[in-house]
Amino acid sequence: MYEAIKEQFDSKKVIAKKHYYQNMNKTMSELYSDLYPMCMSYYHELNPAFLMQIPNMDIMNTYKALTVRDGLASFGTYVLKNFQRFPTLRTHLIISPALAPLLPPDSTNSFSCFKVVQKNPIEIQKARKIILTGIASLDTTDSFATMKQKLDRLKMARPDCEVEIFFPHRRNPLNTAWKESSIAYEIIAYVREILPVNKISFLTLAQMLGQTTYQGYYCLDLMSNDLVVSDNYLNHFIAARGGTVSAFHKKEDENTGFELDLSFFHKLQIVPLPKCESLFPELVFYKKQSGTKEYMTDPKFHRIILKR
Amino acid sequence: MQKIACLFSFKESNWVSCQKIVFNLHKSYEFCPDFQLENFNYPHEIDTTEQLELTAKKILQYDPDVITIMDHRPHPLHLFSILAPLYNGRKKPKLIFHLFGDFTIYYSSWEILGQLIKGFPVEFLVASDRQKTLIDRMFKSNSTIVCPFPVDHQEFFFDQKLRSVQRAAWNLKEDDVAFLFTGRLSRQKRIKTLISTFAEALGERENAHLFFYGNPDSIGDPFLGIGEIEGEYFRKFYRDFKELPENIRSRIHFMGAVPNSELLSVYADADVLTNLSVHNDEDYGMSVAEAQFTGLPCILTDWGGLASFAHASIPVATRYIPVKITRSSKKLDRQAVIDALKDYYQNPHRSSRLKISEVSKEKFGLNRVTQIIQSSVNSQPQEFGGYSKLFDRAAIASAVGAYQNMYLDRHFYLNKLYHNIYSAYVRSH
């Protein structure tokens, strides 16, 4: 596996820079808008990209390796539609450990995992500023009960710590329901309950992406249920400017066979697939039973893949 | 007493150098004893029409003699589309525009603004001689005035004691030679070239160090059709860096971004500032001005506003690297960089620092800029005479395509329009 990764690294060729990747069809373009800026492209030689955005497997096969950024829904769809072709797959796919349970057990040679590790992370209690990031929609957030557990970490914040929130309301990107999410309001009310006197401000996208340094910041990623994106642009953006991101690892993985620096402050490590219970048989059963091929937007499918 | 309405965003720009520029320009206005200043907030994120109307009315009520536009963002068009008509039939105040390097990105906004400010007495101030050449080409009859972006001598100054104290923080010995870059680690700042030339010129010199202060960006070089995505330029220069032998790598230091307040000691520690920028907005060089205030000699590209930092009375203050605009890029003379690094390594001109500092203060200090502003405010009123044919061509080109493509021909070479505009940024224009 590391030969393919090394070859990809040496080639420096990445699909995210190609016109055929950037020119999206209508469905992709809508999805992209709903997830903006979490799905924006970023660069490293191991080719980070969304499988759902690659026109066909022949194009993908021209790359030795690819770092998969898809969430569970689109990666699960990809697996269901293509698993019979996996033995002939010429591209080594590097996935988030969260996606590993979806893989067919006999295809694991074509896959490995990535971990993002921060070089000098700070603890939340030492942060000068805490930034809460995410997209407010049913598909991109956990339930409020789960969210509360994440937010409870704010109780450790410094008394003078400022809180910034970037949590825009969006349509459900996977169209599972038209129900509007009220989670952003609940989150804000809860943050105010935990931190009654701390300064809270709301960031626009321009303010968020216009900032040149995030040193001293702790970013609480509220979007990490992995359904739609497993490798979030905004987390890289903040980490590359010195911020500590809750979704990234604080310790290096000793099992890594390859690593590269993504910035002065964070790096990517390639590690073997984790041992986990496979959901693949259940997915195949679902495929046979369901009357749809639109897995990505099917709530039944979501229930299976979120079981991991 | 002249009433001056100062227009700028009360919230600082994300563009770090512009934060200081606006702040220091304002200080220069404050130094004029016969000015009565009133500040008006013009926030970066455009206000609603209602808020803009309120600001316009407040300005009108204040009844200023002069309205000065100090910030580069937002473009003054939005406010003037409301403010200018309010002056119909009234005595119009003089408008002073401090133009920044991003003028050439907003042709369509300037074009419309040109219509709105007809009949107003105007003055356009630019930060350097070459920016003057560039902008003067854009106007039919108006001539810009060079008004450098000032440095506050209380923030940046020569201090020998500070140097000896701070040098320990870098773990450098007195005979170590520290080259320094401050700013964005950006493609147009030629960071890759700086790393490779340093390795080639001084790789064997165990006491030569190169320090970088700043974070990478992914701006690319849009005028040349080169787009970048997040992390791309970092990977490009960092990969080259990682491939260097350990004994060279250990002497190249990436220090990240630091607050402005720490920069004085950084400049004091260093021996030579090196800035190889060929950025399309390089109308000045705030970091160079600050470094020279501390007496730091500089190796600079002979490009845009950086050319303003030459001082006839002390030639060692600046060493210029020739730049040529070729068919497809802005090419700097690599060998000249290597020679300059070697020469300044041999002699970093430490004994000249006090003089460099003094000369810079004369040229770019708050007092000097106050004088220029005073004379601009009091100069004979001149109305806006419209734009040149070159501006019209640029405005049409930018309206037809995105500004990223307006300077490229069908073979993706730089077109005549680019040469006609940006030849102002190189020598022998």
# chains A, B, ... in the order shown; residues from 1 in each chain; ligands from 1
call {"tool": "interface_residues", "arguments": {"of": "chain A", "to": "chain B", "cutoff": "7 Å", "atoms": "only C-alpha atoms", "output": "list in words"}}
result
Ser41, Tyr42, Tyr43, His44, Gly210, Gln211, Thr212, Arg241, Leu262 and Ser263 of chain A
call {"tool": "residues_around", "arguments": {"residues": "Phe35 of chain B", "least_positions_apart": "3", "cutoff": "7 Å", "atoms": "only C-alpha atoms", "output": "CSV table (one decimal) with N, CA and C atoms, in the first residue's frame"}}
result
chain,number,residue,atom,x,y,z
B,1,MET,N,-9.0,76.8,10.7
B,1,MET,CA,-9.3,75.4,11.0
B,1,MET,C,-10.1,74.7,9.9
B,2,GLN,N,-9.6,73.6,9.4
B,2,GLN,CA,-10.3,72.9,8.3
B,2,GLN,C,-11.0,71.7,8.9
B,3,LYS,N,-12.2,71.5,8.5
B,3,LYS,CA,-12.9,70.3,9.0
B,3,LYS,C,-12.7,69.1,8.1
B,4,ILE,N,-12.2,68.1,8.6
B,4,ILE,CA,-11.8,66.9,7.8
B,4,ILE,C,-12.7,65.7,8.3
B,32,CYS,N,-1.8,67.4,12.3
B,32,CYS,CA,-1.9,68.7,11.6
B,32,CYS,C,-2.7,69.6,12.6
call {"tool": "closest_residue", "arguments": {"among": "A:Met1, A:Ala127, A:Val79, A:Ala98", "to": "Lys115 of chain A", "atoms": "only C-alpha atoms"}}
result
A:Ala98
call {"tool": "residues_around", "arguments": {"residues": "segment 187-198 of chain A", "least_positions_apart": "2", "cutoff": "9 Å", "atoms": "only C-alpha atoms", "output": "ChimeraX atom specification"}}
result
/A:144,147-148,151-152,154-155,157,159-163,165,182-185,200
call {"tool": "write_last_selection", "arguments": {"atoms": "C-alpha atoms", "output": "short mmCIF file (atom, residue, chain, number, x, y, z; two decimals), in the first residue's frame"}}
result
data_model
loop_
_atom_site.label_atom_id
_atom_site.label_comp_id
_atom_site.auth_asym_id
_atom_site.auth_seq_id
_atom_site.Cartn_x
_atom_site.Cartn_y
_atom_site.Cartn_z
CA PHE A 144 -29.27 18.30 20.60
CA MET A 147 -24.57 18.18 20.97
CA LYS A 148 -25.00 19.16 24.62
CA LEU A 151 -20.88 21.78 24.42
CA ASP A 152 -20.40 20.82 28.06
CA LEU A 154 -17.23 24.87 27.38
CA LYS A 155 -17.63 24.65 31.15
CA ALA A 157 -13.32 27.65 29.41
CA PRO A 159 -13.60 33.11 32.59
CA ASP A 160 -12.30 35.75 30.16
CA CYS A 161 -12.54 33.49 27.11
CA GLU A 162 -14.44 34.92 24.15
CA VAL A 163 -16.72 32.69 22.10
CA ILE A 165 -19.88 31.14 16.50
CA SER A 182 -33.78 24.80 15.20
CA ILE A 183 -30.53 23.47 16.58
CA ALA A 184 -28.58 26.69 16.08
CA TYR A 185 -30.93 28.55 18.44
CA ILE A 200 -20.20 35.89 22.32
#
call {"tool": "residues_around", "arguments": {"residues": "Thr133 of chain B", "least_positions_apart": "4", "cutoff": "7 Å", "atoms": "only C-alpha atoms", "output": "ChimeraX atom specification"}}
result
/B:129,137,424
call {"tool": "write_last_selection", "arguments": {"atoms": "C-alpha atoms", "output": "PDB file, in the first residue's frame"}}
result
ATOM      1  CA  ASP B 129       6.716  56.564  -7.165  1.00  0.00           C
ATOM      2  CA  ARG B 137      -1.588  56.197 -16.605  1.00  0.00           C
ATOM      3  CA  ALA B 424       5.057  50.859 -14.382  1.00  0.00           C
TER       4      ALA B 424
END
call {"tool": "closest_residue", "arguments": {"among": "A:Lys288, A:Lys199, A:Lys267, A:Lys150", "to": "Asp221 of chain A", "atoms": "only C-alpha atoms"}}
result
A:Lys150
call {"tool": "residues_around", "arguments": {"residues": "segment 7-21 of chain A", "least_positions_apart": "4", "cutoff": "12 Å", "atoms": "only C-alpha atoms", "output": "PyMOL selection string"}}
result
(chain A and resi 1-3+25+28-29+39-56+59-69+90-94+258-260) or (chain B and resi 226-230+232+235-236+239)
call {"tool": "atom_distance", "arguments": {"atom1": "atom CA of Leu25 of chain B", "atom2": "atom CA of Gln371 of chain B"}}
result
11.9 Å
call {"tool": "residues_around", "arguments": {"residues": "segment 242-254 of chain A", "least_positions_apart": "4", "cutoff": "7 Å", "atoms": "only C-alpha atoms", "output": "list in words"}}
result
Val116, Val117, Gln118, Pro121, Ile122, Thr213, Tyr214, Gln215, Gly216, Tyr217, Tyr218, Cys219, Leu220, Asp221, Asn235, Ile238 and Phe265 of chain A
call {"tool": "closest_residue", "arguments": {"among": "A:Pro173, A:Pro105, A:Lys119, A:Ser110", "to": "Lys275 of chain A", "atoms": "only C-alpha atoms"}}
result
A:Pro105
call {"tool": "atom_distance", "arguments": {"atom1": "atom CA of Thr197 of chain B", "atom2": "atom CA of His279 of chain B"}}
result
18.9 Å
call {"tool": "atom_distance", "arguments": {"atom1": "atom CA of Pro297 of chain B", "atom2": "atom CA of Asp271 of chain B"}}
result
7.2 Å
call {"tool": "select_by_dssp", "arguments": {"residues": "segment 119-235 of chain A", "states": "strand (DSSP E or B)", "output": "list in words"}}
result
Lys129, Ile130, Ile131, Leu132, Thr133, Ala136, Glu162, Val163, Glu164, Ile165, Phe166, His169, Ile200, Ser201, Phe202, Tyr217, Tyr218, Cys219, Leu220, Asp221 and Val229 of chain A
call {"tool": "write_last_selection", "arguments": {"atoms": "N, CA and C atoms", "output": "mmCIF file, in the first residue's frame"}}
result
data_model
loop_
_atom_site.group_PDB
_atom_site.id
_atom_site.type_symbol
_atom_site.label_atom_id
_atom_site.label_comp_id
_atom_site.auth_asym_id
_atom_site.auth_seq_id
_atom_site.Cartn_x
_atom_site.Cartn_y
_atom_site.Cartn_z
ATOM 1 N N LYS A 129 -9.686 32.187 22.860
ATOM 2 C CA LYS A 129 -10.989 32.259 22.194
ATOM 3 C C LYS A 129 -11.421 30.854 21.811
ATOM 4 N N ILE A 130 -12.720 30.621 21.896
ATOM 5 C CA ILE A 130 -13.261 29.337 21.442
ATOM 6 C C ILE A 130 -14.175 29.635 20.264
ATOM 7 N N ILE A 131 -14.000 28.854 19.218
ATOM 8 C CA ILE A 131 -14.864 29.073 18.062
ATOM 9 C C ILE A 131 -15.689 27.809 17.825
ATOM 10 N N LEU A 132 -16.998 27.995 17.684
ATOM 11 C CA LEU A 132 -17.888 26.873 17.412
ATOM 12 C C LEU A 132 -18.221 26.894 15.926
ATOM 13 N N THR A 133 -17.966 25.788 15.239
ATOM 14 C CA THR A 133 -18.213 25.776 13.799
ATOM 15 C C THR A 133 -19.150 24.626 13.431
ATOM 16 N N ALA A 136 -25.976 24.357 10.408
ATOM 17 C CA ALA A 136 -27.204 23.999 11.104
ATOM 18 C C ALA A 136 -28.208 23.403 10.122
ATOM 19 N N GLU A 162 -13.379 34.447 25.053
ATOM 20 C CA GLU A 162 -14.442 34.917 24.150
ATOM 21 C C GLU A 162 -14.904 33.759 23.277
ATOM 22 N N VAL A 163 -16.169 33.768 22.931
ATOM 23 C CA VAL A 163 -16.717 32.695 22.095
ATOM 24 C C VAL A 163 -17.171 33.295 20.766
ATOM 25 N N GLU A 164 -16.740 32.651 19.688
ATOM 26 C CA GLU A 164 -17.202 33.062 18.359
ATOM 27 C C GLU A 164 -17.963 31.895 17.754
ATOM 28 N N ILE A 165 -19.039 32.207 17.053
ATOM 29 C CA ILE A 165 -19.877 31.143 16.503
ATOM 30 C C ILE A 165 -20.036 31.329 14.995
ATOM 31 N N PHE A 166 -19.703 30.279 14.275
ATOM 32 C CA PHE A 166 -19.982 30.250 12.830
ATOM 33 C C PHE A 166 -20.859 29.026 12.599
ATOM 34 N N HIS A 169 -27.422 28.570 9.033
ATOM 35 C CA HIS A 169 -28.551 27.693 8.727
ATOM 36 C C HIS A 169 -28.526 27.297 7.256
ATOM 37 N N ILE A 200 -19.880 36.814 23.413
ATOM 38 C CA ILE A 200 -20.200 35.889 22.317
ATOM 39 C C ILE A 200 -20.423 36.714 21.057
ATOM 40 N N SER A 201 -19.773 36.321 19.966
ATOM 41 C CA SER A 201 -20.034 37.029 18.711
ATOM 42 C C SER A 201 -20.267 36.023 17.590
ATOM 43 N N PHE A 202 -20.938 36.493 16.553
ATOM 44 C CA PHE A 202 -21.305 35.611 15.438
ATOM 45 C C PHE A 202 -20.512 36.018 14.205
ATOM 46 N N TYR A 217 -6.735 29.938 19.617
ATOM 47 C CA TYR A 217 -8.131 29.536 19.465
ATOM 48 C C TYR A 217 -8.276 28.031 19.701
ATOM 49 N N TYR A 218 -9.419 27.660 20.255
ATOM 50 C CA TYR A 218 -9.815 26.256 20.296
ATOM 51 C C TYR A 218 -11.096 26.145 19.492
ATOM 52 N N CYS A 219 -11.099 25.293 18.487
ATOM 53 C CA CYS A 219 -12.276 25.152 17.627
ATOM 54 C C CYS A 219 -13.047 23.896 18.006
ATOM 55 N N LEU A 220 -14.286 24.102 18.417
ATOM 56 C CA LEU A 220 -15.156 22.970 18.735
ATOM 57 C C LEU A 220 -15.983 22.688 17.484
ATOM 58 N N ASP A 221 -15.632 21.598 16.804
ATOM 59 C CA ASP A 221 -16.309 21.245 15.557
ATOM 60 C C ASP A 221 -17.624 20.554 15.900
ATOM 61 N N VAL A 229 -19.685 14.862 5.412
ATOM 62 C CA VAL A 229 -18.276 15.168 5.139
ATOM 63 C C VAL A 229 -17.428 14.481 6.211
#
